[in-house]
$ cat start.cif   # mmCIF, N, CA and C atoms
data_start
loop_
_atom_site.label_atom_id
_atom_site.label_comp_id
_atom_site.auth_asym_id
_atom_site.auth_seq_id
_atom_site.Cartn_x
_atom_site.Cartn_y
_atom_site.Cartn_z
N MET A 1 135.82 125.48 64.55
CA MET A 1 136.55 126.45 63.75
C MET A 1 135.54 127.30 62.98
N LYS A 2 135.73 128.63 63.03
CA LYS A 2 134.77 129.48 62.34
C LYS A 2 135.04 129.50 60.85
N ALA A 3 133.96 129.68 60.12
CA ALA A 3 134.07 129.72 58.67
C ALA A 3 134.57 131.10 58.23
N THR A 4 135.13 131.13 57.04
CA THR A 4 135.56 132.39 56.46
C THR A 4 134.34 133.27 56.24
N VAL A 5 134.48 134.53 56.54
CA VAL A 5 133.39 135.49 56.35
C VAL A 5 133.12 135.64 54.87
N LYS A 6 131.84 135.58 54.49
CA LYS A 6 131.49 135.77 53.08
C LYS A 6 131.46 137.26 52.79
N THR A 7 132.20 137.66 51.78
CA THR A 7 132.25 139.05 51.37
C THR A 7 131.86 139.15 49.90
N THR A 8 131.39 140.31 49.52
CA THR A 8 130.97 140.54 48.13
C THR A 8 132.18 140.77 47.24
N LEU A 9 131.93 140.77 45.96
CA LEU A 9 132.99 141.06 44.99
C LEU A 9 133.56 142.46 45.24
N VAL A 10 132.68 143.42 45.49
CA VAL A 10 133.13 144.80 45.74
C VAL A 10 134.00 144.85 47.00
N GLN A 11 133.59 144.15 48.06
CA GLN A 11 134.41 144.11 49.27
C GLN A 11 135.77 143.48 48.98
N ASN A 12 135.78 142.40 48.21
CA ASN A 12 137.04 141.75 47.88
C ASN A 12 137.96 142.66 47.07
N ILE A 13 137.39 143.42 46.15
CA ILE A 13 138.19 144.36 45.36
C ILE A 13 138.80 145.40 46.29
N PHE A 14 137.99 145.93 47.21
CA PHE A 14 138.50 146.95 48.13
C PHE A 14 139.47 146.36 49.15
N ARG A 15 139.29 145.08 49.50
CA ARG A 15 140.25 144.41 50.39
C ARG A 15 141.61 144.30 49.70
N VAL A 16 141.61 143.92 48.44
CA VAL A 16 142.86 143.81 47.67
C VAL A 16 143.50 145.19 47.50
N LEU A 17 142.68 146.20 47.20
CA LEU A 17 143.23 147.56 47.07
C LEU A 17 143.84 148.04 48.38
N LEU A 18 143.18 147.76 49.50
CA LEU A 18 143.74 148.15 50.79
C LEU A 18 145.04 147.40 51.07
N ALA A 19 145.06 146.12 50.75
CA ALA A 19 146.28 145.33 50.95
C ALA A 19 147.44 145.90 50.13
N LEU A 20 147.17 146.23 48.87
CA LEU A 20 148.21 146.80 48.01
C LEU A 20 148.66 148.17 48.52
N PHE A 21 147.69 148.96 49.00
CA PHE A 21 148.01 150.25 49.59
C PHE A 21 148.93 150.07 50.80
N MET A 22 148.64 149.10 51.65
CA MET A 22 149.44 148.85 52.84
C MET A 22 150.85 148.40 52.46
N ILE A 23 150.96 147.52 51.50
CA ILE A 23 152.28 147.05 51.06
C ILE A 23 153.09 148.22 50.49
N PHE A 24 152.45 149.04 49.66
CA PHE A 24 153.14 150.20 49.10
C PHE A 24 153.54 151.19 50.20
N ALA A 25 152.63 151.45 51.13
CA ALA A 25 152.93 152.38 52.23
C ALA A 25 154.10 151.85 53.06
N GLY A 26 154.09 150.56 53.35
CA GLY A 26 155.19 149.97 54.11
C GLY A 26 156.51 150.08 53.37
N TYR A 27 156.47 149.79 52.09
CA TYR A 27 157.68 149.92 51.27
C TYR A 27 158.18 151.36 51.27
N SER A 28 157.26 152.31 51.19
CA SER A 28 157.68 153.72 51.18
C SER A 28 158.25 154.14 52.53
N HIS A 29 157.80 153.51 53.61
CA HIS A 29 158.39 153.76 54.93
C HIS A 29 159.87 153.36 54.93
N LEU A 30 160.16 152.28 54.26
CA LEU A 30 161.51 151.73 54.28
C LEU A 30 162.44 152.38 53.25
N THR A 31 161.87 153.12 52.31
CA THR A 31 162.69 153.63 51.21
C THR A 31 162.50 155.14 51.01
N PHE A 32 161.79 155.52 49.97
CA PHE A 32 161.79 156.89 49.49
C PHE A 32 161.05 157.91 50.36
N TYR A 33 160.16 157.49 51.26
CA TYR A 33 159.48 158.44 52.15
C TYR A 33 159.92 158.26 53.61
N ARG A 34 161.02 157.61 53.80
CA ARG A 34 161.49 157.30 55.16
C ARG A 34 161.64 158.56 56.02
N ILE A 35 162.24 159.58 55.49
CA ILE A 35 162.44 160.84 56.23
C ILE A 35 161.10 161.53 56.47
N ASP A 36 160.24 161.55 55.45
CA ASP A 36 158.93 162.19 55.59
C ASP A 36 158.09 161.54 56.69
N PHE A 37 158.14 160.22 56.78
CA PHE A 37 157.37 159.54 57.82
C PHE A 37 157.90 159.84 59.22
N GLN A 38 159.16 160.18 59.32
CA GLN A 38 159.71 160.53 60.63
C GLN A 38 159.05 161.78 61.19
N ALA A 39 158.53 162.64 60.32
CA ALA A 39 157.84 163.85 60.76
C ALA A 39 156.57 163.52 61.54
N GLN A 40 156.04 162.32 61.35
CA GLN A 40 154.81 161.91 62.02
C GLN A 40 155.07 161.31 63.40
N VAL A 41 156.29 160.93 63.68
CA VAL A 41 156.58 160.29 64.96
C VAL A 41 156.62 161.37 66.05
N PRO A 42 155.71 161.29 67.02
CA PRO A 42 155.69 162.31 68.07
C PRO A 42 156.99 162.29 68.88
N ASP A 43 157.37 163.45 69.38
CA ASP A 43 158.60 163.56 70.16
C ASP A 43 158.54 162.74 71.46
N TRP A 44 157.34 162.46 71.96
CA TRP A 44 157.22 161.73 73.22
C TRP A 44 157.43 160.22 73.07
N VAL A 45 157.52 159.72 71.83
CA VAL A 45 157.77 158.29 71.63
C VAL A 45 159.21 158.00 72.05
N PRO A 46 159.42 157.01 72.96
CA PRO A 46 160.75 156.80 73.53
C PRO A 46 161.73 156.00 72.66
N LEU A 47 161.47 155.91 71.38
CA LEU A 47 162.36 155.20 70.45
C LEU A 47 162.83 156.20 69.40
N SER A 48 163.88 155.83 68.69
CA SER A 48 164.34 156.72 67.62
C SER A 48 163.25 156.79 66.54
N LYS A 49 163.11 157.95 65.96
CA LYS A 49 162.09 158.15 64.93
C LYS A 49 162.32 157.20 63.74
N ASP A 50 163.57 157.00 63.39
CA ASP A 50 163.88 156.12 62.26
C ASP A 50 163.46 154.68 62.57
N LEU A 51 163.72 154.22 63.80
CA LEU A 51 163.32 152.86 64.17
C LEU A 51 161.80 152.70 64.13
N VAL A 52 161.08 153.69 64.60
CA VAL A 52 159.61 153.64 64.58
C VAL A 52 159.11 153.55 63.14
N VAL A 53 159.70 154.34 62.26
CA VAL A 53 159.30 154.33 60.85
C VAL A 53 159.61 152.97 60.22
N LEU A 54 160.78 152.43 60.50
CA LEU A 54 161.14 151.11 59.95
C LEU A 54 160.22 150.01 60.47
N LEU A 55 159.95 150.02 61.77
CA LEU A 55 159.07 149.00 62.35
C LEU A 55 157.65 149.12 61.81
N SER A 56 157.15 150.35 61.74
CA SER A 56 155.78 150.51 61.24
C SER A 56 155.69 150.13 59.76
N GLY A 57 156.75 150.40 59.00
CA GLY A 57 156.76 149.96 57.61
C GLY A 57 156.73 148.46 57.47
N ALA A 58 157.50 147.78 58.30
CA ALA A 58 157.50 146.30 58.27
C ALA A 58 156.13 145.75 58.68
N VAL A 59 155.51 146.37 59.67
CA VAL A 59 154.18 145.93 60.10
C VAL A 59 153.17 146.15 58.97
N GLU A 60 153.24 147.29 58.30
CA GLU A 60 152.32 147.56 57.20
C GLU A 60 152.48 146.55 56.07
N ILE A 61 153.71 146.24 55.73
CA ILE A 61 153.92 145.23 54.68
C ILE A 61 153.35 143.88 55.12
N GLY A 62 153.62 143.49 56.35
CA GLY A 62 153.10 142.22 56.86
C GLY A 62 151.58 142.18 56.86
N LEU A 63 150.95 143.24 57.36
CA LEU A 63 149.48 143.28 57.38
C LEU A 63 148.92 143.24 55.97
N GLY A 64 149.55 143.98 55.06
CA GLY A 64 149.09 143.99 53.67
C GLY A 64 149.20 142.63 53.02
N LEU A 65 150.32 141.96 53.24
CA LEU A 65 150.50 140.62 52.64
C LEU A 65 149.50 139.62 53.20
N ILE A 66 149.28 139.66 54.51
CA ILE A 66 148.31 138.74 55.12
C ILE A 66 146.91 139.03 54.59
N LEU A 67 146.54 140.30 54.52
CA LEU A 67 145.22 140.66 54.01
C LEU A 67 145.05 140.23 52.56
N LEU A 68 146.11 140.31 51.79
CA LEU A 68 146.06 139.96 50.37
C LEU A 68 145.98 138.45 50.14
N PHE A 69 146.79 137.68 50.86
CA PHE A 69 146.94 136.27 50.54
C PHE A 69 146.28 135.29 51.50
N TRP A 70 145.84 135.73 52.67
CA TRP A 70 145.30 134.79 53.65
C TRP A 70 143.84 135.11 53.91
N LYS A 71 143.00 134.83 52.92
CA LYS A 71 141.58 135.18 52.94
C LYS A 71 140.88 134.60 54.16
N GLN A 72 141.29 133.43 54.62
CA GLN A 72 140.63 132.81 55.77
C GLN A 72 140.76 133.67 57.03
N GLN A 73 141.78 134.51 57.07
CA GLN A 73 142.01 135.34 58.25
C GLN A 73 141.65 136.81 58.01
N SER A 74 140.90 137.09 56.96
CA SER A 74 140.62 138.49 56.62
C SER A 74 139.84 139.19 57.72
N GLU A 75 138.95 138.49 58.39
CA GLU A 75 138.19 139.11 59.49
C GLU A 75 139.15 139.55 60.60
N THR A 76 140.01 138.66 61.02
CA THR A 76 140.97 138.98 62.09
C THR A 76 141.92 140.09 61.66
N ILE A 77 142.43 140.01 60.46
CA ILE A 77 143.38 141.02 60.00
C ILE A 77 142.69 142.37 59.82
N GLY A 78 141.41 142.35 59.49
CA GLY A 78 140.65 143.60 59.42
C GLY A 78 140.63 144.32 60.76
N TRP A 79 140.45 143.54 61.84
CA TRP A 79 140.49 144.14 63.18
C TRP A 79 141.90 144.63 63.52
N PHE A 80 142.91 143.85 63.17
CA PHE A 80 144.29 144.28 63.42
C PHE A 80 144.60 145.58 62.67
N LEU A 81 144.16 145.67 61.42
CA LEU A 81 144.38 146.89 60.65
C LEU A 81 143.68 148.08 61.28
N ALA A 82 142.45 147.88 61.71
CA ALA A 82 141.71 148.97 62.35
C ALA A 82 142.45 149.45 63.60
N VAL A 83 142.93 148.52 64.40
CA VAL A 83 143.69 148.89 65.60
C VAL A 83 144.98 149.60 65.21
N PHE A 84 145.66 149.11 64.19
CA PHE A 84 146.89 149.75 63.72
C PHE A 84 146.61 151.20 63.32
N PHE A 85 145.53 151.42 62.58
CA PHE A 85 145.19 152.78 62.15
C PHE A 85 144.89 153.68 63.35
N VAL A 86 144.29 153.11 64.39
CA VAL A 86 144.04 153.89 65.61
C VAL A 86 145.37 154.21 66.30
N LEU A 87 146.27 153.24 66.34
CA LEU A 87 147.55 153.43 67.03
C LEU A 87 148.46 154.46 66.35
N VAL A 88 148.39 154.57 65.03
CA VAL A 88 149.24 155.54 64.35
C VAL A 88 148.61 156.93 64.27
N PHE A 89 147.35 157.04 64.64
CA PHE A 89 146.65 158.32 64.57
C PHE A 89 147.31 159.41 65.42
N PRO A 90 147.82 159.10 66.61
CA PRO A 90 148.52 160.16 67.36
C PRO A 90 149.69 160.77 66.58
N GLY A 91 150.32 160.00 65.72
CA GLY A 91 151.38 160.55 64.88
C GLY A 91 150.84 161.59 63.91
N ASN A 92 149.68 161.31 63.35
CA ASN A 92 149.06 162.28 62.44
C ASN A 92 148.66 163.55 63.19
N ILE A 93 148.16 163.37 64.41
CA ILE A 93 147.78 164.53 65.23
C ILE A 93 149.03 165.34 65.58
N ALA A 94 150.10 164.65 65.97
CA ALA A 94 151.35 165.34 66.31
C ALA A 94 151.89 166.11 65.12
N GLN A 95 151.81 165.53 63.94
CA GLN A 95 152.28 166.21 62.74
C GLN A 95 151.48 167.49 62.51
N TYR A 96 150.17 167.42 62.72
CA TYR A 96 149.32 168.61 62.57
C TYR A 96 149.66 169.65 63.64
N MET A 97 149.73 169.20 64.90
CA MET A 97 149.97 170.12 66.01
C MET A 97 151.35 170.80 65.91
N ASP A 98 152.35 170.04 65.45
CA ASP A 98 153.71 170.57 65.35
C ASP A 98 153.96 171.31 64.03
N GLY A 99 153.00 171.21 63.09
CA GLY A 99 153.14 171.90 61.81
C GLY A 99 154.27 171.38 60.96
N LYS A 100 154.51 170.06 61.01
CA LYS A 100 155.62 169.48 60.25
C LYS A 100 155.17 169.12 58.83
N ASP A 101 155.93 169.59 57.86
CA ASP A 101 155.65 169.28 56.46
C ASP A 101 156.12 167.87 56.12
N ALA A 102 155.45 167.26 55.16
CA ALA A 102 155.86 165.94 54.68
C ALA A 102 155.20 165.64 53.34
N PHE A 103 155.82 164.81 52.58
CA PHE A 103 155.31 164.24 51.33
C PHE A 103 155.06 165.28 50.24
N GLY A 104 155.48 166.51 50.45
CA GLY A 104 155.24 167.55 49.46
C GLY A 104 153.80 168.04 49.43
N ALA A 105 152.87 167.29 49.99
CA ALA A 105 151.46 167.67 49.97
C ALA A 105 150.98 168.14 51.34
N LEU A 106 151.62 167.67 52.38
CA LEU A 106 151.22 168.07 53.74
C LEU A 106 152.05 169.27 54.17
N ASN A 107 151.88 170.36 53.44
CA ASN A 107 152.71 171.53 53.66
C ASN A 107 151.92 172.74 54.17
N SER A 108 150.72 172.46 54.68
CA SER A 108 149.92 173.54 55.27
C SER A 108 149.08 172.94 56.39
N ASP A 109 148.64 173.79 57.29
CA ASP A 109 147.78 173.31 58.37
C ASP A 109 146.50 172.71 57.81
N GLY A 110 145.96 173.32 56.76
CA GLY A 110 144.73 172.81 56.15
C GLY A 110 144.91 171.40 55.60
N ALA A 111 146.02 171.15 54.92
CA ALA A 111 146.29 169.83 54.35
C ALA A 111 146.49 168.80 55.46
N ARG A 112 147.22 169.19 56.51
CA ARG A 112 147.45 168.26 57.63
C ARG A 112 146.14 167.98 58.38
N LEU A 113 145.29 169.00 58.51
CA LEU A 113 144.00 168.81 59.17
C LEU A 113 143.09 167.90 58.35
N ALA A 114 143.04 168.13 57.06
CA ALA A 114 142.21 167.29 56.18
C ALA A 114 142.63 165.82 56.27
N ARG A 115 143.91 165.60 56.40
CA ARG A 115 144.42 164.23 56.50
C ARG A 115 143.89 163.51 57.73
N LEU A 116 143.67 164.25 58.80
CA LEU A 116 143.16 163.64 60.03
C LEU A 116 141.79 162.98 59.79
N PHE A 117 141.01 163.56 58.91
CA PHE A 117 139.68 163.02 58.65
C PHE A 117 139.71 161.77 57.78
N PHE A 118 140.85 161.47 57.19
CA PHE A 118 140.97 160.27 56.37
C PHE A 118 141.20 159.02 57.23
N GLN A 119 141.70 159.20 58.44
CA GLN A 119 141.99 158.04 59.31
C GLN A 119 140.73 157.21 59.61
N PRO A 120 139.60 157.84 59.97
CA PRO A 120 138.39 157.03 60.16
C PRO A 120 137.97 156.29 58.89
N VAL A 121 138.22 156.88 57.73
CA VAL A 121 137.91 156.20 56.47
C VAL A 121 138.72 154.92 56.35
N LEU A 122 140.00 154.97 56.71
CA LEU A 122 140.84 153.77 56.66
C LEU A 122 140.33 152.70 57.63
N ILE A 123 139.92 153.12 58.81
CA ILE A 123 139.40 152.16 59.80
C ILE A 123 138.14 151.48 59.26
N ILE A 124 137.22 152.28 58.75
CA ILE A 124 135.98 151.72 58.18
C ILE A 124 136.29 150.82 57.00
N TRP A 125 137.20 151.25 56.14
CA TRP A 125 137.60 150.47 54.96
C TRP A 125 138.12 149.10 55.39
N ALA A 126 138.98 149.07 56.39
CA ALA A 126 139.55 147.81 56.86
C ALA A 126 138.46 146.88 57.41
N LEU A 127 137.59 147.41 58.23
CA LEU A 127 136.55 146.58 58.85
C LEU A 127 135.51 146.12 57.84
N TRP A 128 135.14 146.98 56.91
CA TRP A 128 134.12 146.62 55.92
C TRP A 128 134.66 145.65 54.88
N SER A 129 135.81 145.98 54.27
CA SER A 129 136.32 145.16 53.16
C SER A 129 136.76 143.77 53.61
N SER A 130 137.16 143.64 54.85
CA SER A 130 137.61 142.33 55.36
C SER A 130 136.45 141.46 55.84
N GLY A 131 135.28 142.06 55.98
CA GLY A 131 134.13 141.33 56.51
C GLY A 131 134.08 141.32 58.03
N ALA A 132 135.03 142.00 58.66
CA ALA A 132 135.11 141.98 60.13
C ALA A 132 133.87 142.59 60.77
N TRP A 133 133.39 143.69 60.21
CA TRP A 133 132.23 144.35 60.80
C TRP A 133 130.98 143.49 60.64
N LYS A 134 130.81 142.85 59.49
CA LYS A 134 129.66 141.98 59.27
C LYS A 134 129.71 140.78 60.22
N ALA A 135 130.87 140.19 60.38
CA ALA A 135 131.02 139.05 61.28
C ALA A 135 130.70 139.45 62.72
N TYR A 136 131.14 140.62 63.11
CA TYR A 136 130.86 141.12 64.46
C TYR A 136 129.36 141.29 64.65
N ARG A 137 128.69 141.92 63.68
CA ARG A 137 127.23 142.11 63.79
C ARG A 137 126.50 140.78 63.82
N ASP A 138 126.93 139.83 62.97
CA ASP A 138 126.29 138.52 62.96
C ASP A 138 126.43 137.81 64.29
N ARG A 139 127.62 137.87 64.87
CA ARG A 139 127.85 137.24 66.19
C ARG A 139 127.00 137.89 67.26
N LYS A 140 126.91 139.21 67.18
CA LYS A 140 126.13 139.97 68.16
C LYS A 140 124.66 139.58 68.09
N ARG A 141 124.16 139.31 66.89
CA ARG A 141 122.77 138.90 66.70
C ARG A 141 122.57 137.41 66.93
N GLY A 142 123.67 136.68 67.10
CA GLY A 142 123.58 135.24 67.31
C GLY A 142 123.44 134.45 66.05
N ASN A 143 123.87 135.02 64.92
CA ASN A 143 123.73 134.36 63.61
C ASN A 143 124.99 133.68 63.14
N GLU A 144 125.92 133.43 64.02
CA GLU A 144 127.21 132.87 63.58
C GLU A 144 127.06 131.53 63.04
#
$ encode --input "start.cif" --output "structure tokens"
Amino acid sequence: MKATVKTTLVQNIFRVLLALFMIFAGYSHLTFYRIDFQAQVPDWVPLSKDLVVLLSGAVEIGLGLILLFWKQQSETIGWFLAVFFVLVFPGNIAQYMDGKDAFGALNSDGARLARLFFQPVLIIWALWSSGAWKAYRDRKRGNE
């Protein structure tokens, strides 16, 4: 059984912040931003936009709770979060390409374009704060 990845205090603070962000984002999918998030669901997705928003909100809450409370699995959940952020990125691209407004702030092409550059930040944040990237590098070097 592999040991829990050792992370710094700063990484742990950012892991908790990311977890809280995910829980809040998931909650907002299910409640007050439900319609706004539907603007991100590309038309080619074969499910109803509302169902996609509800499912993604539930997944975000689950990932956030696991990241917050299950420290032993933070490395694994970091990878899951990174993959999740990659999977939802086409929705952000579709929102930009279709020029759909949302959240009161994404009301211009410039704002929607700027948002696209935040997705890699989320991916890096998930991998770094969870210790997933360090564990991967250590394994690659044979230091596990």
$ residues_around --input "start.cif" --residues "range 42-56 of chain A" --least-positions-apart "3" --cutoff "8 Å" --atoms "all atoms listed in the file" --output "NGL selection string"
:A and (25-31 or 34-35 or 37-39 or 59-62 or 90-95)
$ resolve_selection --input "start.cif" --expression "the PyMOL selection byres ((chain A and resi 132-137) around 7)" --output "JSON, numbers by chain"
{"A": [5, 74, 75, 76, 78, 79, 126, 127, 128, 129, 130, 131, 138, 139, 140, 141, 142, 143]}
$ select_by_dssp --input "start.cif" --residues "range 6-141 of chain A" --states "helix (DSSP H, G or I)" --output "ChimeraX atom specification"
/A:9-30,34-38,49-69,71-98,109-116,118-129,132-141
$ atom_distance --input "start.cif" --atom1 "atom N of Leu113 in chain A" --atom2 "atom C of Ile77 in chain A"
26.8 Å
$ atom_distance --input "start.cif" --atom1 "atom C of Ile123 in chain A" --atom2 "atom C of Phe21 in chain A"
13.8 Å
$ atom_distance --input "start.cif" --atom1 "CA of Tyr96 in chain A" --atom2 "CA of Arg112 in chain A"
5.3 Å
$ resolve_selection --input "start.cif" --expression "the PyMOL selection byres ((chain A and resi 103) around 8)" --output "list in words"
Tyr33, Ile35, Asp36, Phe37, Lys100, Asp101, Ala102, Gly104, Ala105, Leu106 and Asn107 of chain A
$ residues_around --input "start.cif" --residues "Phe85 in chain A" --least-positions-apart "4" --cutoff "7 Å" --atoms "all atoms listed in the file" --output "CSV table (one decimal) with N, CA and C atoms, in the frame of the given file"
chain,number,residue,atom,x,y,z
A,80,PHE,N,142.9,143.8,63.2
A,80,PHE,CA,144.3,144.3,63.4
A,80,PHE,C,144.6,145.6,62.7
A,81,LEU,N,144.2,145.7,61.4
A,81,LEU,CA,144.4,146.9,60.6
A,81,LEU,C,143.7,148.1,61.3
A,89,PHE,N,147.4,157.0,64.6
A,89,PHE,CA,146.6,158.3,64.6
A,89,PHE,C,147.3,159.4,65.4
A,90,PRO,N,147.8,159.1,66.6
A,90,PRO,CA,148.5,160.2,67.4
A,90,PRO,C,149.7,160.8,66.6
A,119,GLN,N,141.7,159.2,58.4
A,119,GLN,CA,142.0,158.0,59.3
A,119,GLN,C,140.7,157.2,59.6
A,122,LEU,N,140.0,155.0,56.7
A,122,LEU,CA,140.8,153.8,56.7
A,122,LEU,C,140.3,152.7,57.6
A,123,ILE,N,139.9,153.1,58.8
A,123,ILE,CA,139.4,152.2,59.8
A,123,ILE,C,138.1,151.5,59.3
$ closest_residue --input "start.cif" --among "A:Leu9, A:Thr4, A:Val41, A:Leu65" --to "Phe24 in chain A" --atoms "only C-alpha atoms"
A:Leu65
$ closest_residue --input "start.cif" --among "A:Gln40, A:Phe84, A:Gly64, A:Lys71" --to "Met97 in chain A" --atoms "only C-alpha atoms"
A:Gln40
$ build_atoms --input "start.cif" --residues "range 29-37 of chain A" --atoms "all heavy atoms" --output "PDB file, in the frame of the given file"
ATOM      1  N   HIS A  29     157.800 153.510  53.610  1.00  0.00           N
ATOM      2  CA  HIS A  29     158.390 153.760  54.930  1.00  0.00           C
ATOM      3  C   HIS A  29     159.870 153.360  54.930  1.00  0.00           C
ATOM      4  O   HIS A  29     160.689 154.009  55.577  1.00  0.00           O
ATOM      5  CB  HIS A  29     157.698 152.925  56.015  1.00  0.00           C
ATOM      6  CG  HIS A  29     156.476 153.534  56.591  1.00  0.00           C
ATOM      7  ND1 HIS A  29     155.337 153.744  55.881  1.00  0.00           N
ATOM      8  CD2 HIS A  29     156.213 153.962  57.852  1.00  0.00           C
ATOM      9  CE1 HIS A  29     154.415 154.263  56.672  1.00  0.00           C
ATOM     10  NE2 HIS A  29     154.922 154.417  57.879  1.00  0.00           N
ATOM     11  N   LEU A  30     160.160 152.280  54.260  1.00  0.00           N
ATOM     12  CA  LEU A  30     161.510 151.730  54.280  1.00  0.00           C
ATOM     13  C   LEU A  30     162.440 152.380  53.250  1.00  0.00           C
ATOM     14  O   LEU A  30     163.653 152.194  53.327  1.00  0.00           O
ATOM     15  CB  LEU A  30     161.462 150.224  54.010  1.00  0.00           C
ATOM     16  CG  LEU A  30     160.573 149.398  54.950  1.00  0.00           C
ATOM     17  CD1 LEU A  30     160.586 147.934  54.535  1.00  0.00           C
ATOM     18  CD2 LEU A  30     160.976 149.565  56.395  1.00  0.00           C
ATOM     19  N   THR A  31     161.870 153.120  52.310  1.00  0.00           N
ATOM     20  CA  THR A  31     162.690 153.630  51.210  1.00  0.00           C
ATOM     21  C   THR A  31     162.500 155.140  51.010  1.00  0.00           C
ATOM     22  O   THR A  31     162.956 155.934  51.803  1.00  0.00           O
ATOM     23  CB  THR A  31     162.376 152.860  49.911  1.00  0.00           C
ATOM     24  OG1 THR A  31     160.978 152.984  49.619  1.00  0.00           O
ATOM     25  CG2 THR A  31     162.745 151.382  50.023  1.00  0.00           C
ATOM     26  N   PHE A  32     161.790 155.520  49.970  1.00  0.00           N
ATOM     27  CA  PHE A  32     161.790 156.890  49.490  1.00  0.00           C
ATOM     28  C   PHE A  32     161.050 157.910  50.360  1.00  0.00           C
ATOM     29  O   PHE A  32     161.308 159.102  50.229  1.00  0.00           O
ATOM     30  CB  PHE A  32     161.282 156.965  48.040  1.00  0.00           C
ATOM     31  CG  PHE A  32     159.919 156.371  47.832  1.00  0.00           C
ATOM     32  CD1 PHE A  32     158.794 157.161  47.896  1.00  0.00           C
ATOM     33  CD2 PHE A  32     159.778 155.018  47.544  1.00  0.00           C
ATOM     34  CE1 PHE A  32     157.533 156.621  47.682  1.00  0.00           C
ATOM     35  CE2 PHE A  32     158.527 154.465  47.324  1.00  0.00           C
ATOM     36  CZ  PHE A  32     157.398 155.278  47.399  1.00  0.00           C
ATOM     37  N   TYR A  33     160.160 157.490  51.260  1.00  0.00           N
ATOM     38  CA  TYR A  33     159.480 158.440  52.150  1.00  0.00           C
ATOM     39  C   TYR A  33     159.920 158.260  53.610  1.00  0.00           C
ATOM     40  O   TYR A  33     159.250 158.740  54.524  1.00  0.00           O
ATOM     41  CB  TYR A  33     157.961 158.303  52.066  1.00  0.00           C
ATOM     42  CG  TYR A  33     157.327 159.050  50.923  1.00  0.00           C
ATOM     43  CD1 TYR A  33     156.259 158.507  50.233  1.00  0.00           C
ATOM     44  CD2 TYR A  33     157.784 160.308  50.532  1.00  0.00           C
ATOM     45  CE1 TYR A  33     155.657 159.192  49.185  1.00  0.00           C
ATOM     46  CE2 TYR A  33     157.198 160.995  49.480  1.00  0.00           C
ATOM     47  CZ  TYR A  33     156.137 160.429  48.820  1.00  0.00           C
ATOM     48  OH  TYR A  33     155.547 161.112  47.780  1.00  0.00           O
ATOM     49  N   ARG A  34     161.020 157.610  53.800  1.00  0.00           N
ATOM     50  CA  ARG A  34     161.490 157.300  55.160  1.00  0.00           C
ATOM     51  C   ARG A  34     161.640 158.560  56.020  1.00  0.00           C
ATOM     52  O   ARG A  34     161.161 158.598  57.151  1.00  0.00           O
ATOM     53  CB  ARG A  34     162.812 156.548  55.065  1.00  0.00           C
ATOM     54  CG  ARG A  34     163.295 155.976  56.348  1.00  0.00           C
ATOM     55  CD  ARG A  34     164.387 154.980  56.028  1.00  0.00           C
ATOM     56  NE  ARG A  34     165.187 154.678  57.180  1.00  0.00           N
ATOM     57  CZ  ARG A  34     166.220 153.861  57.144  1.00  0.00           C
ATOM     58  NH1 ARG A  34     166.576 153.285  56.007  1.00  0.00           N
ATOM     59  NH2 ARG A  34     166.901 153.611  58.230  1.00  0.00           N
ATOM     60  N   ILE A  35     162.240 159.580  55.490  1.00  0.00           N
ATOM     61  CA  ILE A  35     162.440 160.840  56.230  1.00  0.00           C
ATOM     62  C   ILE A  35     161.100 161.530  56.470  1.00  0.00           C
ATOM     63  O   ILE A  35     160.837 162.033  57.568  1.00  0.00           O
ATOM     64  CB  ILE A  35     163.414 161.784  55.473  1.00  0.00           C
ATOM     65  CG1 ILE A  35     164.772 161.112  55.271  1.00  0.00           C
ATOM     66  CG2 ILE A  35     163.541 163.120  56.196  1.00  0.00           C
ATOM     67  CD1 ILE A  35     165.501 160.760  56.554  1.00  0.00           C
ATOM     68  N   ASP A  36     160.240 161.550  55.450  1.00  0.00           N
ATOM     69  CA  ASP A  36     158.930 162.190  55.590  1.00  0.00           C
ATOM     70  C   ASP A  36     158.090 161.540  56.690  1.00  0.00           C
ATOM     71  O   ASP A  36     157.402 162.233  57.434  1.00  0.00           O
ATOM     72  CB  ASP A  36     158.166 162.138  54.262  1.00  0.00           C
ATOM     73  CG  ASP A  36     158.797 163.029  53.213  1.00  0.00           C
ATOM     74  OD1 ASP A  36     158.585 164.245  53.288  1.00  0.00           O
ATOM     75  OD2 ASP A  36     159.504 162.511  52.331  1.00  0.00           O
ATOM     76  N   PHE A  37     158.140 160.220  56.780  1.00  0.00           N
ATOM     77  CA  PHE A  37     157.370 159.540  57.820  1.00  0.00           C
ATOM     78  C   PHE A  37     157.900 159.840  59.220  1.00  0.00           C
ATOM     79  O   PHE A  37     157.160 159.784  60.195  1.00  0.00           O
ATOM     80  CB  PHE A  37     157.314 158.026  57.574  1.00  0.00           C
ATOM     81  CG  PHE A  37     156.262 157.618  56.587  1.00  0.00           C
ATOM     82  CD1 PHE A  37     156.620 157.127  55.339  1.00  0.00           C
ATOM     83  CD2 PHE A  37     154.918 157.733  56.890  1.00  0.00           C
ATOM     84  CE1 PHE A  37     155.652 156.750  54.421  1.00  0.00           C
ATOM     85  CE2 PHE A  37     153.942 157.364  55.975  1.00  0.00           C
ATOM     86  CZ  PHE A  37     154.310 156.875  54.738  1.00  0.00           C
TER      87      PHE A  37
END
